[in-house]
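Structure data follow from protein39.pdb (PDB, C-alpha atoms and all ligand atoms):
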MODEL        1
ATOM      1  CA  MET A 102    -241.669 101.633 -92.037  1.00  0.00           C
ATOM      2  CA  ALA A 103    -244.753 101.161 -89.874  1.00  0.00           C
ATOM      3  CA  ASN A 104    -247.618 103.547 -90.453  1.00  0.00           C
ATOM      4  CA  SER A 105    -247.451 104.703 -86.873  1.00  0.00           C
ATOM      5  CA  CYS A 106    -244.081 106.201 -87.648  1.00  0.00           C
ATOM      6  CA  LYS A 107    -245.677 108.510 -90.162  1.00  0.00           C
ATOM      7  CA  ASP A 108    -248.243 109.906 -87.767  1.00  0.00           C
ATOM      8  CA  ARG A 109    -246.089 112.769 -86.596  1.00  0.00           C
ATOM      9  CA  GLU A 110    -244.590 115.115 -89.093  1.00  0.00           C
ATOM     10  CA  SER A 111    -242.744 118.366 -88.713  1.00  0.00           C
ATOM     11  CA  ALA A 112    -240.627 120.707 -90.757  1.00  0.00           C
ATOM     12  CA  GLU A 113    -237.727 118.454 -89.891  1.00  0.00           C
ATOM     13  CA  GLY A 114    -239.375 115.480 -91.565  1.00  0.00           C
ATOM     14  CA  GLU A 115    -240.660 112.281 -90.102  1.00  0.00           C
ATOM     15  CA  ILE A 116    -239.746 110.146 -87.174  1.00  0.00           C
ATOM     16  CA  VAL A 117    -237.987 107.174 -88.655  1.00  0.00           C
ATOM     17  CA  SER A 118    -237.751 103.770 -87.059  1.00  0.00           C
ATOM     18  CA  GLU A 119    -234.645 102.390 -88.731  1.00  0.00           C
ATOM     19  CA  LEU A 120    -231.236 103.758 -89.548  1.00  0.00           C
ATOM     20  CA  HIS A 121    -230.714 104.456 -93.245  1.00  0.00           C
ATOM     21  CA  PRO A 122    -228.907 101.441 -94.789  1.00  0.00           C
ATOM     22  CA  ALA A 123    -226.034 103.719 -95.879  1.00  0.00           C
ATOM     23  CA  PHE A 124    -224.918 103.994 -92.257  1.00  0.00           C
ATOM     24  CA  ALA A 125    -223.833 100.351 -92.387  1.00  0.00           C
ATOM     25  CA  GLU A 126    -220.869 101.603 -94.462  1.00  0.00           C
ATOM     26  CA  PHE A 127    -219.465 103.648 -91.581  1.00  0.00           C
ATOM     27  CA  ASP A 128    -216.592 102.113 -89.642  1.00  0.00           C
ATOM     28  CA  PRO A 129    -218.111 100.763 -86.403  1.00  0.00           C
ATOM     29  CA  GLU A 130    -214.760 101.020 -84.643  1.00  0.00           C
ATOM     30  CA  ASN A 131    -214.588 104.785 -85.149  1.00  0.00           C
ATOM     31  CA  THR A 132    -218.238 105.832 -85.250  1.00  0.00           C
ATOM     32  CA  GLU A 133    -221.402 105.317 -83.252  1.00  0.00           C
ATOM     33  CA  ILE A 134    -224.649 106.112 -85.060  1.00  0.00           C
ATOM     34  CA  TYR A 135    -228.170 106.046 -83.668  1.00  0.00           C
ATOM     35  CA  LEU A 136    -231.602 107.575 -84.046  1.00  0.00           C
ATOM     36  CA  ASP A 137    -232.983 110.114 -81.625  1.00  0.00           C
ATOM     37  CA  GLY A 138    -236.517 111.186 -82.506  1.00  0.00           C
ATOM     38  CA  TYR A 139    -236.445 113.077 -85.794  1.00  0.00           C
ATOM     39  CA  ASN A 140    -232.679 113.070 -85.826  1.00  0.00           C
ATOM     40  CA  VAL A 141    -229.809 110.782 -86.543  1.00  0.00           C
ATOM     41  CA  VAL A 142    -226.750 111.190 -84.345  1.00  0.00           C
ATOM     42  CA  VAL A 143    -223.306 110.427 -85.762  1.00  0.00           C
ATOM     43  CA  GLU A 144    -220.568 110.328 -83.154  1.00  0.00           C
ATOM     44  CA  THR A 145    -217.018 109.834 -84.354  1.00  0.00           C
ATOM     45  CA  ASN A 146    -213.615 109.707 -82.739  1.00  0.00           C
ATOM     46  CA  GLY A 147    -212.365 111.561 -85.824  1.00  0.00           C
ATOM     47  CA  LEU A 148    -209.691 109.014 -86.646  1.00  0.00           C
ATOM     48  CA  PRO A 149    -209.201 107.637 -90.162  1.00  0.00           C
ATOM     49  CA  ASN A 150    -209.349 103.825 -90.357  1.00  0.00           C
ATOM     50  CA  HIS A 151    -206.701 103.595 -93.075  1.00  0.00           C
ATOM     51  CA  LYS A 152    -203.007 104.084 -93.602  1.00  0.00           C
ATOM     52  CA  THR A 153    -201.519 107.555 -93.950  1.00  0.00           C
ATOM     53  CA  VAL A 154    -198.180 109.207 -93.322  1.00  0.00           C
ATOM     54  CA  TYR A 155    -199.972 111.420 -90.776  1.00  0.00           C
ATOM     55  CA  TRP A 156    -200.211 108.627 -88.208  1.00  0.00           C
ATOM     56  CA  GLY A 157    -196.537 109.246 -87.576  1.00  0.00           C
ATOM     57  CA  LEU A 158    -193.572 106.922 -87.575  1.00  0.00           C
ATOM     58  CA  GLY A 159    -194.065 103.841 -85.427  1.00  0.00           C
ATOM     59  CA  HIS A 160    -197.861 103.705 -85.611  1.00  0.00           C
ATOM     60  CA  GLU A 161    -199.257 100.502 -87.125  1.00  0.00           C
ATOM     61  CA  LEU A 162    -201.155 102.502 -89.787  1.00  0.00           C
ATOM     62  CA  TYR A 163    -198.172 104.699 -90.668  1.00  0.00           C
ATOM     63  CA  GLN A 164    -196.910 104.532 -94.207  1.00  0.00           C
ATOM     64  CA  ALA A 165    -194.091 106.553 -95.719  1.00  0.00           C
ATOM     65  CA  GLU A 166    -195.155 109.081 -98.372  1.00  0.00           C
ATOM     66  CA  PRO A 167    -191.935 110.813 -99.409  1.00  0.00           C
ATOM     67  CA  ASN A 168    -193.638 113.201-101.824  1.00  0.00           C
ATOM     68  CA  VAL A 169    -195.933 114.706 -99.183  1.00  0.00           C
ATOM     69  CA  GLN A 170    -194.758 117.993 -97.673  1.00  0.00           C
ATOM     70  CA  LEU A 171    -195.835 117.211 -94.146  1.00  0.00           C
ATOM     71  CA  THR A 172    -197.683 119.567 -91.855  1.00  0.00           C
ATOM     72  CA  PRO A 173    -196.095 119.668 -88.379  1.00  0.00           C
ATOM     73  CA  SER A 174    -198.870 117.594 -86.824  1.00  0.00           C
ATOM     74  CA  ILE A 175    -199.557 113.879 -86.442  1.00  0.00           C
ATOM     75  CA  ILE A 176    -202.886 112.229 -85.740  1.00  0.00           C
ATOM     76  CA  PRO A 177    -202.180 110.657 -82.316  1.00  0.00           C
ATOM     77  CA  ASN A 178    -201.523 114.084 -80.792  1.00  0.00           C
ATOM     78  CA  PHE A 179    -205.120 115.240 -81.206  1.00  0.00           C
ATOM     79  CA  ASN A 180    -208.510 114.442 -79.798  1.00  0.00           C
ATOM     80  CA  GLY A 181    -210.650 114.892 -82.888  1.00  0.00           C
ATOM     81  CA  ALA A 182    -213.919 113.517 -81.546  1.00  0.00           C
ATOM     82  CA  ALA A 183    -217.129 115.265 -82.644  1.00  0.00           C
ATOM     83  CA  THR A 184    -220.851 114.697 -83.064  1.00  0.00           C
ATOM     84  CA  LEU A 185    -223.313 115.525 -85.837  1.00  0.00           C
ATOM     85  CA  ARG A 186    -227.017 115.602 -84.975  1.00  0.00           C
ATOM     86  CA  VAL A 187    -229.133 116.168 -88.064  1.00  0.00           C
ATOM     87  CA  ALA A 188    -232.577 115.332 -89.467  1.00  0.00           C
ATOM     88  CA  ALA A 189    -232.822 111.618 -90.245  1.00  0.00           C
ATOM     89  CA  ASN A 190    -235.016 112.495 -93.229  1.00  0.00           C
ATOM     90  CA  PRO A 191    -233.277 115.619 -94.533  1.00  0.00           C
ATOM     91  CA  GLU A 192    -235.073 117.865 -96.986  1.00  0.00           C
ATOM     92  CA  ILE A 193    -233.930 120.411 -99.524  1.00  0.00           C
ATOM     93  CA  ALA A 194    -234.056 123.836 -97.869  1.00  0.00           C
ATOM     94  CA  SER A 195    -235.723 126.899 -99.374  1.00  0.00           C
ATOM     95  CA  SER A 196    -232.303 128.530 -99.711  1.00  0.00           C
ATOM     96  CA  THR A 197    -228.784 127.143 -99.901  1.00  0.00           C
ATOM     97  CA  THR A 198    -226.123 127.679 -97.219  1.00  0.00           C
ATOM     98  CA  SER A 199    -222.414 128.193 -97.732  1.00  0.00           C
ATOM     99  CA  THR A 200    -220.015 125.783 -96.088  1.00  0.00           C
ATOM    100  CA  SER A 201    -217.471 127.015 -93.561  1.00  0.00           C
ATOM    101  CA  LEU A 202    -213.942 126.164 -92.548  1.00  0.00           C
ATOM    102  CA  GLY A 203    -213.706 123.082 -90.379  1.00  0.00           C
ATOM    103  CA  ALA A 204    -215.704 119.880 -90.624  1.00  0.00           C
ATOM    104  CA  ILE A 205    -218.569 119.991 -93.125  1.00  0.00           C
ATOM    105  CA  GLY A 206    -219.192 116.252 -93.128  1.00  0.00           C
ATOM    106  CA  ILE A 207    -218.132 112.936 -91.598  1.00  0.00           C
ATOM    107  CA  ALA A 208    -216.564 110.282 -93.808  1.00  0.00           C
ATOM    108  CA  ILE A 209    -217.235 106.561 -93.443  1.00  0.00           C
ATOM    109  CA  SER A 210    -213.624 106.151 -92.277  1.00  0.00           C
ATOM    110  CA  GLY A 211    -214.331 108.219 -89.150  1.00  0.00           C
ATOM    111  CA  ALA A 212    -212.400 111.304 -90.271  1.00  0.00           C
ATOM    112  CA  TYR A 213    -213.784 114.606 -91.541  1.00  0.00           C
ATOM    113  CA  ILE A 214    -214.841 116.105 -94.846  1.00  0.00           C
ATOM    114  CA  PHE A 215    -213.632 119.667 -95.491  1.00  0.00           C
ATOM    115  CA  ASN A 216    -214.405 122.059 -98.349  1.00  0.00           C
ATOM    116  CA  ASP A 217    -212.091 123.535-101.006  1.00  0.00           C
ATOM    117  CA  GLN A 218    -210.549 126.168 -98.722  1.00  0.00           C
ATOM    118  CA  GLU A 219    -207.483 125.986 -96.499  1.00  0.00           C
ATOM    119  CA  GLY A 220    -207.105 128.686 -93.876  1.00  0.00           C
ATOM    120  CA  ASN A 221    -208.724 131.648 -95.567  1.00  0.00           C
ATOM    121  CA  GLY A 222    -207.568 130.896 -99.063  1.00  0.00           C
ATOM    122  CA  PRO A 223    -208.038 128.369-101.815  1.00  0.00           C
ATOM    123  CA  LEU A 224    -206.663 124.904-101.293  1.00  0.00           C
ATOM    124  CA  GLY A 225    -203.978 125.192-103.957  1.00  0.00           C
ATOM    125  CA  GLN A 226    -200.953 126.072-101.843  1.00  0.00           C
ATOM    126  CA  ALA A 227    -201.756 123.425 -99.245  1.00  0.00           C
ATOM    127  CA  ALA A 228    -202.272 120.690-101.801  1.00  0.00           C
ATOM    128  CA  SER A 229    -198.662 119.519-101.499  1.00  0.00           C
ATOM    129  CA  SER A 230    -199.346 118.508 -97.896  1.00  0.00           C
ATOM    130  CA  LEU A 231    -202.228 116.212 -98.847  1.00  0.00           C
ATOM    131  CA  ASP A 232    -201.536 112.494 -98.588  1.00  0.00           C
ATOM    132  CA  TYR A 233    -202.452 109.814-101.175  1.00  0.00           C
ATOM    133  CA  THR A 234    -206.076 109.944-100.076  1.00  0.00           C
ATOM    134  CA  GLY A 235    -206.525 113.710-100.165  1.00  0.00           C
ATOM    135  CA  GLY A 236    -206.141 114.160 -96.425  1.00  0.00           C
ATOM    136  CA  HIS A 237    -203.934 115.985 -93.982  1.00  0.00           C
ATOM    137  CA  ILE A 238    -203.967 117.306 -90.448  1.00  0.00           C
ATOM    138  CA  GLY A 239    -203.257 120.582 -88.882  1.00  0.00           C
ATOM    139  CA  PRO A 240    -203.715 122.138 -86.548  1.00  0.00           C
ATOM    140  CA  GLY A 241    -206.792 120.162 -85.485  1.00  0.00           C
ATOM    141  CA  GLN A 242    -208.466 117.168 -87.049  1.00  0.00           C
ATOM    142  CA  TYR A 243    -207.367 114.852 -89.825  1.00  0.00           C
ATOM    143  CA  HIS A 244    -209.577 115.660 -92.811  1.00  0.00           C
ATOM    144  CA  TYR A 245    -210.045 115.196 -96.541  1.00  0.00           C
ATOM    145  CA  HIS A 246    -210.279 117.873 -99.206  1.00  0.00           C
ATOM    146  CA  LEU A 247    -210.075 115.546-102.202  1.00  0.00           C
ATOM    147  CA  GLU A 248    -211.564 112.290-103.454  1.00  0.00           C
ATOM    148  CA  PRO A 249    -210.452 109.871-100.700  1.00  0.00           C
ATOM    149  CA  LYS A 250    -208.735 107.226-102.776  1.00  0.00           C
ATOM    150  CA  ALA A 251    -208.288 104.975 -99.752  1.00  0.00           C
ATOM    151  CA  TRP A 252    -211.781 103.722-100.535  1.00  0.00           C
ATOM    152  CA  THR A 253    -213.228 105.476-103.585  1.00  0.00           C
ATOM    153  CA  ASN A 254    -211.600 106.098-106.951  1.00  0.00           C
ATOM    154  CA  ASP A 255    -213.953 106.992-109.768  1.00  0.00           C
ATOM    155  CA  ASP A 256    -216.699 104.703-108.461  1.00  0.00           C
ATOM    156  CA  GLU A 257    -220.069 104.853-106.728  1.00  0.00           C
ATOM    157  CA  ASN A 258    -218.879 104.151-103.195  1.00  0.00           C
ATOM    158  CA  LEU A 259    -220.263 106.092-100.269  1.00  0.00           C
ATOM    159  CA  VAL A 260    -217.931 108.834 -99.047  1.00  0.00           C
ATOM    160  CA  GLY A 261    -219.838 110.007 -95.974  1.00  0.00           C
ATOM    161  CA  ILE A 262    -222.608 112.220 -94.665  1.00  0.00           C
ATOM    162  CA  MET A 263    -222.649 115.983 -95.044  1.00  0.00           C
ATOM    163  CA  ALA A 264    -223.655 118.322 -92.212  1.00  0.00           C
ATOM    164  CA  ASP A 265    -227.077 118.827 -93.815  1.00  0.00           C
ATOM    165  CA  GLY A 266    -227.826 115.114 -93.551  1.00  0.00           C
ATOM    166  CA  PHE A 267    -227.454 114.217 -97.225  1.00  0.00           C
ATOM    167  CA  PHE A 268    -225.030 111.484 -98.277  1.00  0.00           C
ATOM    168  CA  LEU A 269    -221.999 112.125-100.473  1.00  0.00           C
ATOM    169  CA  TYR A 270    -221.034 109.480-103.027  1.00  0.00           C
ATOM    170  CA  GLY A 271    -218.100 108.964-105.367  1.00  0.00           C
ATOM    171  CA  ARG A 272    -217.863 110.278-108.914  1.00  0.00           C
ATOM    172  CA  LYS A 273    -220.201 107.665-110.368  1.00  0.00           C
ATOM    173  CA  CYS A 274    -223.860 107.067-109.553  1.00  0.00           C
ATOM    174  CA  HIS A 275    -225.375 103.669-108.881  1.00  0.00           C
ATOM    175  CA  ALA A 276    -228.468 104.674-110.845  1.00  0.00           C
ATOM    176  CA  THR A 277    -226.578 104.737-114.159  1.00  0.00           C
ATOM    177  CA  GLY A 278    -223.203 103.207-113.311  1.00  0.00           C
ATOM    178  CA  ASP A 279    -221.589 106.289-114.823  1.00  0.00           C
ATOM    179  CA  HIS A 280    -220.791 109.926-114.082  1.00  0.00           C
ATOM    180  CA  PRO A 281    -224.066 111.749-113.532  1.00  0.00           C
ATOM    181  CA  THR A 282    -224.836 114.512-116.015  1.00  0.00           C
ATOM    182  CA  ASP A 283    -227.735 116.116-114.144  1.00  0.00           C
ATOM    183  CA  LEU A 284    -225.978 117.447-111.043  1.00  0.00           C
ATOM    184  CA  ASP A 285    -226.941 120.785-109.526  1.00  0.00           C
ATOM    185  CA  GLU A 286    -224.407 123.445-108.492  1.00  0.00           C
ATOM    186  CA  SER A 287    -223.679 121.500-105.287  1.00  0.00           C
ATOM    187  CA  GLY A 288    -223.014 118.220-107.087  1.00  0.00           C
ATOM    188  CA  GLY A 289    -226.388 116.823-106.062  1.00  0.00           C
ATOM    189  CA  HIS A 290    -229.321 115.145-107.742  1.00  0.00           C
ATOM    190  CA  SER A 291    -232.198 112.803-106.924  1.00  0.00           C
ATOM    191  CA  THR A 292    -232.097 109.164-108.000  1.00  0.00           C
ATOM    192  CA  PHE A 293    -232.156 105.782-106.337  1.00  0.00           C
ATOM    193  CA  THR A 294    -228.854 104.581-104.907  1.00  0.00           C
ATOM    194  CA  GLN A 295    -227.346 101.278-103.806  1.00  0.00           C
ATOM    195  CA  HIS A 296    -228.672 102.154-100.346  1.00  0.00           C
ATOM    196  CA  SER A 297    -232.143 103.320-101.314  1.00  0.00           C
ATOM    197  CA  PRO A 298    -234.670 101.859-103.778  1.00  0.00           C
ATOM    198  CA  ASP A 299    -236.599 105.095-103.366  1.00  0.00           C
ATOM    199  CA  ILE A 300    -235.460 108.229-105.138  1.00  0.00           C
ATOM    200  CA  GLU A 301    -233.565 110.420-102.720  1.00  0.00           C
ATOM    201  CA  TYR A 302    -231.376 113.495-102.953  1.00  0.00           C
ATOM    202  CA  HIS A 303    -227.625 112.924-102.583  1.00  0.00           C
ATOM    203  CA  TYR A 304    -224.350 114.535-103.565  1.00  0.00           C
ATOM    204  CA  HIS A 305    -221.497 113.266-105.692  1.00  0.00           C
ATOM    205  CA  ILE A 306    -217.844 114.131-105.963  1.00  0.00           C
ATOM    206  CA  GLU A 307    -217.918 116.109-109.179  1.00  0.00           C
ATOM    207  CA  ASN A 308    -215.989 114.601-112.075  1.00  0.00           C
ATOM    208  CA  GLU A 309    -214.153 117.844-112.828  1.00  0.00           C
ATOM    209  CA  LEU A 310    -210.406 118.187-112.450  1.00  0.00           C
ATOM    210  CA  TYR A 311    -209.113 120.805-110.015  1.00  0.00           C
ATOM    211  CA  LEU A 312    -205.578 122.110-110.644  1.00  0.00           C
ATOM    212  CA  ASN A 313    -205.411 119.573-113.480  1.00  0.00           C
ATOM    213  CA  GLN A 314    -205.003 116.609-111.117  1.00  0.00           C
ATOM    214  CA  TYR A 315    -207.424 116.583-108.191  1.00  0.00           C
ATOM    215  CA  TYR A 316    -211.092 115.934-107.569  1.00  0.00           C
ATOM    216  CA  LEU A 317    -212.488 118.199-104.865  1.00  0.00           C
ATOM    217  CA  LEU A 318    -214.701 116.470-102.338  1.00  0.00           C
ATOM    218  CA  PHE A 319    -217.298 119.192-101.920  1.00  0.00           C
ATOM    219  CA  ALA A 320    -216.911 122.722-103.252  1.00  0.00           C
ATOM    220  CA  GLY A 321    -220.531 123.850-103.400  1.00  0.00           C
ATOM    221  CA  ARG A 322    -223.181 124.999-100.961  1.00  0.00           C
ATOM    222  CA  TYR A 323    -225.413 122.909 -98.754  1.00  0.00           C
ATOM    223  CA  GLN A 324    -228.783 122.264-100.347  1.00  0.00           C
ATOM    224  CA  GLY A 325    -230.223 121.207 -96.990  1.00  0.00           C
ATOM    225  CA  THR A 326    -230.048 122.748 -93.542  1.00  0.00           C
ATOM    226  CA  PRO A 327    -226.652 122.104 -91.975  1.00  0.00           C
ATOM    227  CA  SER A 328    -226.060 121.278 -88.332  1.00  0.00           C
ATOM    228  CA  ARG A 329    -222.820 121.900 -86.499  1.00  0.00           C
ATOM    229  CA  ILE A 330    -220.242 119.150 -86.234  1.00  0.00           C
ATOM    230  CA  ASN A 331    -218.613 119.663 -82.850  1.00  0.00           C
TER     231      ASN A 331
HETATM  232 ZN    ZN B   1    -207.017 121.122 -94.749  1.00  0.00          ZN
HETATM  233 ZN    ZN B   2    -226.392 109.819-107.844  1.00  0.00          ZN
ENDMDL
END
Is it possible to express this structure as C-alpha cells?
Ligand SMILES: [Zn+2]
Ligand SMILES: [Zn+2]
Amino acid sequence: MANSCKDRESAEGEIVSELHPAFAEFDPENTEIYLDGYNVVVETNGLPNHKTVYWGLGHELYQAEPNVQLTPSIIPNFNGAATLRVAANPEIASSTTSTSLGAIGIAISGAYIFNDQEGNGPLGQAASSLDYTGGHIGPGQYHYHLEPKAWTNDDENLVGIMADGFFLYGRKCHATGDHPTDLDESGGHSTFTQHSPDIEYHYHIENELYLNQYYLLFAGRYQGTPSRIN
C-alpha cells in the first residue's frame, strides 16, 4: 500500500487502494466487488453457484435430494439481489452486536449466510429442509445455516464475508492447519490467513456439533460494526 493511502484515517479505518485478496474467492458470475473510499461494496445476485434441489426440477443445477423435506419455494422464483457496503479495513467494535434474522453475511457462492435461528425459533425444526450444503429457501433468499459442504468440509476454505466486514473461514485455520483453540465467543481470533500475511481478525465455523450432526455457520455476535445487507 502506498504511503499516501495512509494519510487519511477515520474511525472507519483507512482508505485502501486494493481489494483484499480474499475477494478473489468470490464467484465473479454472481458477485461484483469494488472499493469506494473507506468501504468495500459487495453486490450479489443472491444465487448459489452450485447444485441444490432448490433450483427446481429442470434447472441445470438441480439435483434430486430425496431426504430433504422441501420448503414450498424454488430459487428461480425470487430476486435475491442485495448489497453490502462495509469498512474495507474493519475493526473490532467497543461492544458486540447481536445478529438478526435475514442475511448476516454473503458467501463466496453468491448466496447468503444466516444465523442459527429460523423464523423466531431455533433452527432445529427447520433442519430437515436444509439441503446437502446446509441451505434452503423460503420465503425469500436462498441461504445457509450450516457449514456449506458444497465447498468447505472441515478445512480452511473461505466461506464468505460477514456484515461487519470480517471474513468467515471453515473449521480449520491456515495458521495452524488445524481447528483453532483460541476462538472468542463469536468464533473469531487474530492470526495470519492464506489471504493475509499480516495478522488480522477473522471468524471460523466452530468445530462443535449442533444437534449431534451439524456445524452452525455463525451463532455468535458480531465483533465489528455490522452494515445492512439489502
Ligand atoms: Zn433458513
Ligand atoms: Zn483462523
On this structure, the PyMOL selection byres (((chain A and resi 267-272) around 10) and not hetatm) would catch which residues? List them as a ChimeraX atom specification, sorted by chain and number. /A:123-124,187-193,206-208,214,248-250,252-266,273-275,278-281,288-289,294,301-309,316,318-319,323-327
Using the selection just defined, write its residues with C-alpha atoms as a CSV table (one decimal), in the coordinates of the input.
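What follows is the written file selection-v9.csv:
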chain,number,residue,atom,x,y,z
A,123,ALA,CA,-226.0,103.7,-95.9
A,124,PHE,CA,-224.9,104.0,-92.3
A,187,VAL,CA,-229.1,116.2,-88.1
A,188,ALA,CA,-232.6,115.3,-89.5
A,189,ALA,CA,-232.8,111.6,-90.2
A,190,ASN,CA,-235.0,112.5,-93.2
A,191,PRO,CA,-233.3,115.6,-94.5
A,192,GLU,CA,-235.1,117.9,-97.0
A,193,ILE,CA,-233.9,120.4,-99.5
A,206,GLY,CA,-219.2,116.3,-93.1
A,207,ILE,CA,-218.1,112.9,-91.6
A,208,ALA,CA,-216.6,110.3,-93.8
A,214,ILE,CA,-214.8,116.1,-94.8
A,248,GLU,CA,-211.6,112.3,-103.5
A,249,PRO,CA,-210.5,109.9,-100.7
A,250,LYS,CA,-208.7,107.2,-102.8
A,252,TRP,CA,-211.8,103.7,-100.5
A,253,THR,CA,-213.2,105.5,-103.6
A,254,ASN,CA,-211.6,106.1,-107.0
A,255,ASP,CA,-214.0,107.0,-109.8
A,256,ASP,CA,-216.7,104.7,-108.5
A,257,GLU,CA,-220.1,104.9,-106.7
A,258,ASN,CA,-218.9,104.2,-103.2
A,259,LEU,CA,-220.3,106.1,-100.3
A,260,VAL,CA,-217.9,108.8,-99.0
A,261,GLY,CA,-219.8,110.0,-96.0
A,262,ILE,CA,-222.6,112.2,-94.7
A,263,MET,CA,-222.6,116.0,-95.0
A,264,ALA,CA,-223.7,118.3,-92.2
A,265,ASP,CA,-227.1,118.8,-93.8
A,266,GLY,CA,-227.8,115.1,-93.6
A,273,LYS,CA,-220.2,107.7,-110.4
A,274,CYS,CA,-223.9,107.1,-109.6
A,275,HIS,CA,-225.4,103.7,-108.9
A,278,GLY,CA,-223.2,103.2,-113.3
A,279,ASP,CA,-221.6,106.3,-114.8
A,280,HIS,CA,-220.8,109.9,-114.1
A,281,PRO,CA,-224.1,111.7,-113.5
A,288,GLY,CA,-223.0,118.2,-107.1
A,289,GLY,CA,-226.4,116.8,-106.1
A,294,THR,CA,-228.9,104.6,-104.9
A,301,GLU,CA,-233.6,110.4,-102.7
A,302,TYR,CA,-231.4,113.5,-103.0
A,303,HIS,CA,-227.6,112.9,-102.6
A,304,TYR,CA,-224.4,114.5,-103.6
A,305,HIS,CA,-221.5,113.3,-105.7
A,306,ILE,CA,-217.8,114.1,-106.0
A,307,GLU,CA,-217.9,116.1,-109.2
A,308,ASN,CA,-216.0,114.6,-112.1
A,309,GLU,CA,-214.2,117.8,-112.8
A,316,TYR,CA,-211.1,115.9,-107.6
A,318,LEU,CA,-214.7,116.5,-102.3
A,319,PHE,CA,-217.3,119.2,-101.9
A,323,TYR,CA,-225.4,122.9,-98.8
A,324,GLN,CA,-228.8,122.3,-100.3
A,325,GLY,CA,-230.2,121.2,-97.0
A,326,THR,CA,-230.0,122.7,-93.5
A,327,PRO,CA,-226.7,122.1,-92.0
For a quick check of understanding, using only C-alpha atoms, which of A:Gly239, A:Pro298, A:Gly321, A:Gly211 has the smallest distance to A:Leu171?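 Nearest candidate to A:Leu171 out of A:Gly239, A:Pro298, A:Gly321, A:Gly211: A:Gly239.
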Nearest to A:Leu148: which of A:Pro173, A:Pro167, A:Gly203, A:Pro129 is it, counting all atoms listed in the file? A:Pro129
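Each of A:Ala227, A:Ala182, A:Ala276, A:Leu247 was checked against A:Asn146 using all atoms listed in the file; the smallest atom-to-atom distance is that of A:Ala182.
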Name the residues captured by the PyMOL selection byres (((chain A and resi 169) around 10) and not hetatm) when it is applied to the shown file; answer as a list in words.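 Applying the PyMOL selection byres (((chain A and resi 169) around 10) and not hetatm) to the structure shown produces Val154, Tyr155, Ala165, Glu166, Pro167, Asn168, Gln170, Leu171, Thr172, Ala228, Ser229, Ser230, Leu231, Asp232, Tyr233 and His237 of chain A.
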Could you work out how far atom CA of A:Ile209 lies from atom CA of A:Gly225, giving the answer in Å with one decimal?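 Distance reported for this atom pair: 25.2 Å.
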Grab the atom CA of A:Thr200 to atom CA of A:Thr145 distance for me, in Å with one decimal place.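 Calculated distance between atom CA of A:Thr200 and atom CA of A:Thr145 is 20.0 Å.
Our summary of the geometry notes that atom CA of A:Ile175 is positioned 17.1 Å from atom CA of A:Ser210.
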